[in-house]
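Heads up, data.pdb below (PDB, C-alpha atoms, pLDDT in the B column):
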```
ATOM      1  CA  MET F  42       6.056   0.160 -13.397  1.00 86.00           C
ATOM      2  CA  ARG F  43       5.341  -3.429 -14.359  1.00 94.00           C
ATOM      3  CA  LEU F  44       5.342  -4.488 -10.706  1.00 96.00           C
ATOM      4  CA  VAL F  45       2.982  -1.708  -9.664  1.00 95.00           C
ATOM      5  CA  HIS F  46       0.566  -2.447 -12.528  1.00 95.00           C
ATOM      6  CA  ALA F  47       0.558  -6.144 -11.659  1.00 97.00           C
ATOM      7  CA  PHE F  48       0.024  -5.436  -7.976  1.00 97.00           C
ATOM      8  CA  TYR F  49      -2.936  -3.119  -8.545  1.00 97.00           C
ATOM      9  CA  SER F  50      -4.546  -5.550 -10.972  1.00 97.00           C
ATOM     10  CA  LYS F  51      -4.747  -7.955  -7.998  1.00 98.00           C
ATOM     11  CA  ALA F  52      -5.394  -5.514  -5.182  1.00 97.00           C
ATOM     12  CA  MET F  53      -8.288  -3.704  -6.791  1.00 97.00           C
ATOM     13  CA  VAL F  54     -10.307  -6.902  -7.180  1.00 98.00           C
ATOM     14  CA  ASP F  55      -9.235  -8.523  -3.921  1.00 98.00           C
ATOM     15  CA  GLU F  56     -12.165  -9.546  -1.713  1.00 98.00           C
ATOM     16  CA  GLU F  57     -10.491  -8.267   1.461  1.00 98.00           C
ATOM     17  CA  ILE F  58      -8.983  -4.943   0.422  1.00 98.00           C
ATOM     18  CA  GLY F  59     -10.191  -4.163  -3.091  1.00 98.00           C
ATOM     19  CA  TRP F  60     -12.987  -1.949  -1.781  1.00 98.00           C
ATOM     20  CA  ILE F  61     -10.441   0.343  -0.132  1.00 97.00           C
ATOM     21  CA  PHE F  62      -8.905   1.101  -3.525  1.00 96.00           C
ATOM     22  CA  THR F  63     -12.141   1.248  -5.512  1.00 97.00           C
ATOM     23  CA  GLU F  64     -14.762   2.621  -3.112  1.00 97.00           C
ATOM     24  CA  VAL F  65     -12.779   4.618  -0.554  1.00 97.00           C
ATOM     25  CA  ALA F  66      -9.765   5.889  -2.488  1.00 96.00           C
ATOM     26  CA  GLU F  67     -11.553   5.754  -5.847  1.00 96.00           C
ATOM     27  CA  LEU F  68      -8.136   5.421  -7.450  1.00 94.00           C
ATOM     28  CA  ASP F  69      -7.466   6.805 -10.870  1.00 94.00           C
ATOM     29  CA  LEU F  70      -4.785   4.287 -11.832  1.00 94.00           C
ATOM     30  CA  GLU F  71      -3.574   6.410 -14.727  1.00 93.00           C
ATOM     31  CA  LYS F  72      -2.531   9.085 -12.223  1.00 94.00           C
ATOM     32  CA  HIS F  73      -1.744   6.837  -9.255  1.00 93.00           C
ATOM     33  CA  ILE F  74       0.541   4.216 -10.809  1.00 94.00           C
ATOM     34  CA  PRO F  75       3.291   6.651 -11.910  1.00 93.00           C
ATOM     35  CA  VAL F  76       3.379   8.130  -8.399  1.00 92.00           C
ATOM     36  CA  VAL F  77       3.631   4.731  -6.720  1.00 93.00           C
ATOM     37  CA  ALA F  78       6.179   3.519  -9.272  1.00 93.00           C
ATOM     38  CA  SER F  79       8.246   6.634  -8.524  1.00 93.00           C
ATOM     39  CA  PHE F  80       8.014   5.881  -4.783  1.00 91.00           C
ATOM     40  CA  TRP F  81       9.327   2.348  -5.275  1.00 92.00           C
ATOM     41  CA  ALA F  82      12.028   3.393  -7.758  1.00 92.00           C
ATOM     42  CA  THR F  83      13.274   5.979  -5.258  1.00 91.00           C
ATOM     43  CA  ASN F  84      13.294   3.487  -2.389  1.00 86.00           C
ATOM     44  CA  LEU F  85      14.695   0.488  -4.235  1.00 89.00           C
ATOM     45  CA  ILE F  86      17.077   1.814  -6.849  1.00 89.00           C
ATOM     46  CA  GLY F  87      17.769   5.357  -5.668  1.00 82.00           C
ATOM     47  CA  ALA F  88      15.970   7.058  -8.560  1.00 84.00           C
ATOM     48  CA  GLN F  89      15.176  10.142  -6.407  1.00 82.00           C
ATOM     49  CA  THR F  90      12.022  10.801  -8.440  1.00 83.00           C
ATOM     50  CA  TYR F  91       9.530  10.643  -5.556  1.00 83.00           C
ATOM     51  CA  GLY F  92       9.150  13.732  -3.460  1.00 80.00           C
ATOM     52  CA  GLY F  93       5.833  13.200  -1.712  1.00 78.00           C
ATOM     53  CA  GLY F  94       4.861  11.853   1.638  1.00 84.00           C
ATOM     54  CA  ALA F  95       2.923   8.607   1.500  1.00 87.00           C
ATOM     55  CA  PHE F  96       1.616   8.531   5.055  1.00 93.00           C
ATOM     56  CA  HIS F  97      -0.864  11.417   4.832  1.00 92.00           C
ATOM     57  CA  VAL F  98      -2.830   9.677   2.068  1.00 92.00           C
ATOM     58  CA  HIS F  99      -3.070   6.550   4.191  1.00 93.00           C
ATOM     59  CA  ALA F 100      -4.222   8.540   7.216  1.00 94.00           C
ATOM     60  CA  GLU F 101      -7.076   9.893   5.088  1.00 94.00           C
ATOM     61  CA  LEU F 102      -7.930   6.367   3.927  1.00 94.00           C
ATOM     62  CA  HIS F 103      -7.887   5.247   7.547  1.00 95.00           C
ATOM     63  CA  GLU F 104     -10.401   7.916   8.498  1.00 93.00           C
ATOM     64  CA  ASN F 105     -12.619   7.507   5.425  1.00 94.00           C
ATOM     65  CA  SER F 106     -12.719   3.709   5.529  1.00 94.00           C
ATOM     66  CA  GLY F 107     -13.746   3.356   9.148  1.00 94.00           C
ATOM     67  CA  GLY F 108     -10.225   2.297  10.079  1.00 95.00           C
ATOM     68  CA  LEU F 109      -7.472   0.413   8.316  1.00 95.00           C
ATOM     69  CA  THR F 110      -6.739  -2.722  10.326  1.00 95.00           C
ATOM     70  CA  ARG F 111      -3.715  -4.917  10.775  1.00 96.00           C
ATOM     71  CA  ASP F 112      -5.521  -7.460   8.551  1.00 97.00           C
ATOM     72  CA  HIS F 113      -5.780  -4.882   5.752  1.00 97.00           C
ATOM     73  CA  PHE F 114      -2.054  -4.221   5.901  1.00 97.00           C
ATOM     74  CA  GLN F 115      -1.240  -7.931   6.082  1.00 98.00           C
ATOM     75  CA  ARG F 116      -3.358  -8.624   3.009  1.00 98.00           C
ATOM     76  CA  TRP F 117      -1.685  -5.745   1.153  1.00 98.00           C
ATOM     77  CA  LEU F 118       1.681  -7.221   2.097  1.00 98.00           C
ATOM     78  CA  VAL F 119       0.721 -10.738   0.952  1.00 98.00           C
ATOM     79  CA  LEU F 120      -0.445  -9.430  -2.427  1.00 98.00           C
ATOM     80  CA  TRP F 121       2.669  -7.282  -2.810  1.00 98.00           C
ATOM     81  CA  CYS F 122       5.048 -10.131  -1.982  1.00 98.00           C
ATOM     82  CA  GLN F 123       3.199 -12.566  -4.255  1.00 98.00           C
ATOM     83  CA  THR F 124       3.439 -10.072  -7.102  1.00 98.00           C
ATOM     84  CA  VAL F 125       7.140  -9.452  -6.509  1.00 98.00           C
ATOM     85  CA  ASP F 126       7.801 -13.210  -6.416  1.00 98.00           C
ATOM     86  CA  GLU F 127       5.871 -13.773  -9.649  1.00 98.00           C
ATOM     87  CA  LEU F 128       7.873 -11.163 -11.540  1.00 97.00           C
ATOM     88  CA  PHE F 129      11.332 -10.889  -9.993  1.00 97.00           C
ATOM     89  CA  ASP F 130      14.064 -12.617  -8.067  1.00 96.00           C
ATOM     90  CA  GLY F 131      17.245 -11.377  -6.473  1.00 96.00           C
ATOM     91  CA  PRO F 132      18.376  -8.715  -4.038  1.00 96.00           C
ATOM     92  CA  ILE F 133      16.152  -5.888  -5.283  1.00 94.00           C
ATOM     93  CA  ALA F 134      13.103  -8.164  -5.160  1.00 96.00           C
ATOM     94  CA  ALA F 135      14.013  -9.130  -1.612  1.00 97.00           C
ATOM     95  CA  ALA F 136      14.461  -5.457  -0.722  1.00 95.00           C
ATOM     96  CA  ALA F 137      11.021  -4.678  -2.179  1.00 96.00           C
ATOM     97  CA  LYS F 138       9.439  -7.217   0.152  1.00 98.00           C
ATOM     98  CA  VAL F 139      11.415  -6.135   3.223  1.00 97.00           C
ATOM     99  CA  HIS F 140      10.696  -2.472   2.575  1.00 95.00           C
ATOM    100  CA  ALA F 141       6.985  -3.242   2.123  1.00 97.00           C
ATOM    101  CA  LEU F 142       6.970  -5.022   5.485  1.00 98.00           C
ATOM    102  CA  ARG F 143       8.586  -1.997   7.139  1.00 96.00           C
ATOM    103  CA  ILE F 144       6.080   0.356   5.508  1.00 95.00           C
ATOM    104  CA  ALA F 145       3.088  -1.774   6.526  1.00 97.00           C
ATOM    105  CA  ASN F 146       4.268  -1.968  10.133  1.00 97.00           C
ATOM    106  CA  ALA F 147       5.166   1.720  10.325  1.00 96.00           C
ATOM    107  CA  PHE F 148       1.935   2.945   8.762  1.00 96.00           C
ATOM    108  CA  TYR F 149      -0.234   0.649  10.849  1.00 96.00           C
ATOM    109  CA  GLY F 150       1.589   1.743  14.005  1.00 95.00           C
ATOM    110  CA  ARG F 151       1.272   5.434  13.206  1.00 95.00           C
ATOM    111  CA  LEU F 152      -2.408   5.066  12.326  1.00 95.00           C
ATOM    112  CA  GLN F 153      -3.125   3.883  15.858  1.00 92.00           C
ATOM    113  CA  MET F 154      -2.621   7.505  16.898  1.00 91.00           C
ATOM    114  CA  PHE F 155      -5.498   8.611  14.634  1.00 83.00           C
ATOM    115  CA  PRO F 156      -8.960   7.904  16.027  1.00 78.00           C
ATOM    116  CA  VAL F 157     -11.607   6.854  13.554  1.00 75.00           C
ATOM    117  CA  PRO F 158     -14.928   8.708  13.720  1.00 66.00           C
ATOM    118  CA  GLY F 159     -17.433   6.685  15.726  1.00 64.00           C
ATOM    119  CA  GLU F 160     -14.755   4.645  17.500  1.00 58.00           C
ATOM    120  CA  ALA F 161     -14.763   4.717  21.281  1.00 51.00           C
ATOM    121  CA  ALA F 162     -11.580   6.148  22.769  1.00 49.00           C
ATOM    122  CA  GLY F 163      -9.230   3.416  23.915  1.00 48.00           C
ATOM    123  CA  ALA F 164     -11.183   0.670  22.165  1.00 46.00           C
TER
END
```

Represent the structure from my file as structure tokens, please.
Amino acid sequence: MRLVHAFYSKAMVDEEIGWIFTEVAELDLEKHIPVVASFWATNLIGAQTYGGGAFHVHAELHENSGGLTRDHFQRWLVLWCQTVDELFDGPIAAAAKVHALRIANAFYGRLQMFPVPGEAAGA
């Protein structure tokens, strides 16, 4: 949970993506951090404590924000990797960064199938 806390302390005040967490998602960190920590524990150390689906929430953010862009995902990834590097080293830290890259690419790719209200088709 330390990693997730540290990440959100950066992300929520970030000039590029902080508004997505604070204004669009209006995150309640007390509720959100345990869920995200469970996601990462399941994916990195096999904890099997996460049973949700993370994509649906991001599809809603995509729609409500006017569209999550590649730049948004890249900034998220930079902040995540910086946070991992500040706190950890070794194979699990490396896996956290690789898995984050896969998630960012997969989510961004899937979101291209979801039009944003007000966007011209094929734009």

Query raised in the report: Pick from F:Arg116, F:His73, F:His97, F:Arg111: nearest to F:Lys51, with all atoms listed in the file counted?
Result: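 Distance minimum relative to F:Lys51 lands on F:Arg116.
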
**Report entry** Explicit residues for the PyMOL selection byres ((chain F and resi 74) around 12) (as an MDAnalysis selection string)
**Finding:** chainID F and resid 42:50 68:73 75:82

Using 9 Å as the limit and counting all atoms listed in the file, can you tabulate each residue of stretch 50-113 of chain F that touches stretch 130-148 of chain F, with its shortest atom-to-atom distance in Å and the two atoms involved, as a tab-separated table?
```
residue	atom	partner	partner_atom	distance
F:Trp81	CA	F:Ala137	CA	7.9
F:Asn84	CA	F:His140	CA	8.2
F:Leu85	CA	F:Ile133	CA	6.6
F:Ile86	CA	F:Ile133	CA	7.9
F:Phe96	CA	F:Phe148	CA	6.7
F:His99	CA	F:Phe148	CA	7.7
F:Ala100	CA	F:Phe148	CA	8.5
F:Arg111	CA	F:Asn146	CA	8.5
```

Requested in this report: Please measure the separation of atom CA of F:Asp112 and atom CA of F:Leu128, giving the value in Å to one decimal.
Outcome: 24.4 Å

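From atom CA of F:Thr83 back to atom CA of F:Glu101, the distance works out to 23.2 Å.
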
**Report entry** F:Glu57 surroundings by all atoms listed in the file, 10 Å radius, close-in-sequence under 3 positions cut, as a ChimeraX atom specification
**Finding:** /F:52-54,60-61,112-113,116-117

Go ahead and save the residues from that selection, with C-alpha atoms, as a compact mmCIF listing (two decimals), in the coordinates of the input.
```
# COMPACT_ATOMS: atom_id res chain seq x y z
CA ALA F 52 -5.39 -5.51 -5.18
CA MET F 53 -8.29 -3.70 -6.79
CA VAL F 54 -10.31 -6.90 -7.18
CA TRP F 60 -12.99 -1.95 -1.78
CA ILE F 61 -10.44 0.34 -0.13
CA ASP F 112 -5.52 -7.46 8.55
CA HIS F 113 -5.78 -4.88 5.75
CA ARG F 116 -3.36 -8.62 3.01
CA TRP F 117 -1.68 -5.74 1.15
```

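Of note, atom CA of F:Gln153 and atom CA of F:Tyr91 are spaced 25.8 Å apart.
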
**Report entry** Nearest to F:Phe62, chosen from F:Gly108, F:Gln89, F:Ala95, F:Leu102, with all atoms listed in the file counted in the distances
**Finding:** F:Leu102

Query raised in the report: With all atoms listed in the file as the basis for distance, which of F:Gly59, F:Val98, F:Thr124, F:Leu152 is at the shortest distance from F:Thr110?
Result: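 Once distances to F:Thr110 are computed over all atoms listed in the file, the minimum belongs to F:Leu152.
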
Would you fill the gaps in stretch 100-111 of chain F so it has all heavy atoms, then print it as a PDB file, keeping the file's coordinate frame?
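That gives us out22.pdb:
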```pdb
ATOM      1  N   ALA F 100      -3.465   8.051   6.067  1.00 94.00           N
ATOM      2  CA  ALA F 100      -4.222   8.540   7.216  1.00 94.00           C
ATOM      3  C   ALA F 100      -5.633   8.939   6.785  1.00 94.00           C
ATOM      4  O   ALA F 100      -6.609   8.664   7.492  1.00 94.00           O
ATOM      5  CB  ALA F 100      -3.495   9.712   7.870  1.00 94.00           C
ATOM      6  N   GLU F 101      -5.750   9.545   5.621  1.00 94.00           N
ATOM      7  CA  GLU F 101      -7.076   9.893   5.088  1.00 94.00           C
ATOM      8  C   GLU F 101      -7.883   8.631   4.784  1.00 94.00           C
ATOM      9  O   GLU F 101      -9.082   8.574   5.074  1.00 94.00           O
ATOM     10  CB  GLU F 101      -6.946  10.753   3.835  1.00 94.00           C
ATOM     11  CG  GLU F 101      -6.513  12.168   4.108  1.00 94.00           C
ATOM     12  CD  GLU F 101      -6.372  12.994   2.837  1.00 94.00           C
ATOM     13  OE1 GLU F 101      -6.685  12.485   1.729  1.00 94.00           O
ATOM     14  OE2 GLU F 101      -5.940  14.147   2.956  1.00 94.00           O
ATOM     15  N   LEU F 102      -7.240   7.638   4.200  1.00 94.00           N
ATOM     16  CA  LEU F 102      -7.930   6.367   3.927  1.00 94.00           C
ATOM     17  C   LEU F 102      -8.390   5.722   5.227  1.00 94.00           C
ATOM     18  O   LEU F 102      -9.485   5.158   5.296  1.00 94.00           O
ATOM     19  CB  LEU F 102      -7.021   5.402   3.170  1.00 94.00           C
ATOM     20  CG  LEU F 102      -6.774   5.694   1.707  1.00 94.00           C
ATOM     21  CD1 LEU F 102      -5.763   4.705   1.141  1.00 94.00           C
ATOM     22  CD2 LEU F 102      -8.067   5.660   0.915  1.00 94.00           C
ATOM     23  N   HIS F 103      -7.557   5.799   6.233  1.00 95.00           N
ATOM     24  CA  HIS F 103      -7.887   5.247   7.547  1.00 95.00           C
ATOM     25  C   HIS F 103      -9.174   5.890   8.070  1.00 95.00           C
ATOM     26  O   HIS F 103     -10.102   5.204   8.503  1.00 95.00           O
ATOM     27  CB  HIS F 103      -6.718   5.494   8.499  1.00 95.00           C
ATOM     28  CG  HIS F 103      -6.915   4.991   9.884  1.00 95.00           C
ATOM     29  ND1 HIS F 103      -7.033   3.661  10.181  1.00 95.00           N
ATOM     30  CD2 HIS F 103      -6.998   5.664  11.060  1.00 95.00           C
ATOM     31  CE1 HIS F 103      -7.182   3.516  11.495  1.00 95.00           C
ATOM     32  NE2 HIS F 103      -7.170   4.724  12.046  1.00 95.00           N
ATOM     33  N   GLU F 104      -9.230   7.195   8.002  1.00 93.00           N
ATOM     34  CA  GLU F 104     -10.401   7.916   8.498  1.00 93.00           C
ATOM     35  C   GLU F 104     -11.630   7.624   7.638  1.00 93.00           C
ATOM     36  O   GLU F 104     -12.721   7.362   8.162  1.00 93.00           O
ATOM     37  CB  GLU F 104     -10.124   9.420   8.507  1.00 93.00           C
ATOM     38  CG  GLU F 104     -11.289  10.222   9.026  1.00 93.00           C
ATOM     39  CD  GLU F 104     -11.010  11.718   9.093  1.00 93.00           C
ATOM     40  OE1 GLU F 104      -9.869  12.134   8.870  1.00 93.00           O
ATOM     41  OE2 GLU F 104     -11.971  12.447   9.369  1.00 93.00           O
ATOM     42  N   ASN F 105     -11.474   7.649   6.329  1.00 94.00           N
ATOM     43  CA  ASN F 105     -12.619   7.507   5.425  1.00 94.00           C
ATOM     44  C   ASN F 105     -13.131   6.078   5.291  1.00 94.00           C
ATOM     45  O   ASN F 105     -14.258   5.872   4.835  1.00 94.00           O
ATOM     46  CB  ASN F 105     -12.267   8.065   4.048  1.00 94.00           C
ATOM     47  CG  ASN F 105     -12.019   9.554   4.079  1.00 94.00           C
ATOM     48  OD1 ASN F 105     -12.520  10.267   4.946  1.00 94.00           O
ATOM     49  ND2 ASN F 105     -11.219  10.040   3.155  1.00 94.00           N
ATOM     50  N   SER F 106     -12.323   5.113   5.673  1.00 94.00           N
ATOM     51  CA  SER F 106     -12.719   3.709   5.529  1.00 94.00           C
ATOM     52  C   SER F 106     -13.342   3.133   6.793  1.00 94.00           C
ATOM     53  O   SER F 106     -13.806   2.004   6.794  1.00 94.00           O
ATOM     54  CB  SER F 106     -11.510   2.857   5.154  1.00 94.00           C
ATOM     55  OG  SER F 106     -10.592   2.790   6.240  1.00 94.00           O
ATOM     56  N   GLY F 107     -13.290   3.887   7.873  1.00 94.00           N
ATOM     57  CA  GLY F 107     -13.746   3.356   9.148  1.00 94.00           C
ATOM     58  C   GLY F 107     -12.621   2.687   9.911  1.00 94.00           C
ATOM     59  O   GLY F 107     -12.831   2.063  10.937  1.00 94.00           O
ATOM     60  N   GLY F 108     -11.413   2.825   9.400  1.00 95.00           N
ATOM     61  CA  GLY F 108     -10.225   2.297  10.079  1.00 95.00           C
ATOM     62  C   GLY F 108      -9.529   1.193   9.318  1.00 95.00           C
ATOM     63  O   GLY F 108     -10.116   0.149   9.062  1.00 95.00           O
ATOM     64  N   LEU F 109      -8.297   1.458   8.924  1.00 95.00           N
ATOM     65  CA  LEU F 109      -7.472   0.413   8.316  1.00 95.00           C
ATOM     66  C   LEU F 109      -6.955  -0.480   9.432  1.00 95.00           C
ATOM     67  O   LEU F 109      -6.420   0.008  10.426  1.00 95.00           O
ATOM     68  CB  LEU F 109      -6.307   1.023   7.530  1.00 95.00           C
ATOM     69  CG  LEU F 109      -6.693   1.904   6.347  1.00 95.00           C
ATOM     70  CD1 LEU F 109      -5.452   2.514   5.711  1.00 95.00           C
ATOM     71  CD2 LEU F 109      -7.499   1.124   5.323  1.00 95.00           C
ATOM     72  N   THR F 110      -7.110  -1.773   9.281  1.00 95.00           N
ATOM     73  CA  THR F 110      -6.739  -2.722  10.326  1.00 95.00           C
ATOM     74  C   THR F 110      -5.423  -3.413   9.999  1.00 95.00           C
ATOM     75  O   THR F 110      -4.927  -3.349   8.871  1.00 95.00           O
ATOM     76  CB  THR F 110      -7.826  -3.796  10.479  1.00 95.00           C
ATOM     77  OG1 THR F 110      -7.859  -4.584   9.281  1.00 95.00           O
ATOM     78  CG2 THR F 110      -9.192  -3.179  10.744  1.00 95.00           C
ATOM     79  N   ARG F 111      -4.914  -4.107  10.992  1.00 96.00           N
ATOM     80  CA  ARG F 111      -3.715  -4.917  10.775  1.00 96.00           C
ATOM     81  C   ARG F 111      -3.970  -5.930   9.652  1.00 96.00           C
ATOM     82  O   ARG F 111      -3.111  -6.171   8.814  1.00 96.00           O
ATOM     83  CB  ARG F 111      -3.292  -5.642  12.051  1.00 96.00           C
ATOM     84  CG  ARG F 111      -2.016  -6.468  11.854  1.00 96.00           C
ATOM     85  CD  ARG F 111      -1.461  -7.002  13.142  1.00 96.00           C
ATOM     86  NE  ARG F 111      -1.041  -5.997  14.097  1.00 96.00           N
ATOM     87  CZ  ARG F 111       0.089  -5.287  14.027  1.00 96.00           C
ATOM     88  NH1 ARG F 111       0.912  -5.465  13.026  1.00 96.00           N
ATOM     89  NH2 ARG F 111       0.400  -4.426  14.970  1.00 96.00           N
TER      90      ARG F 111
END
```
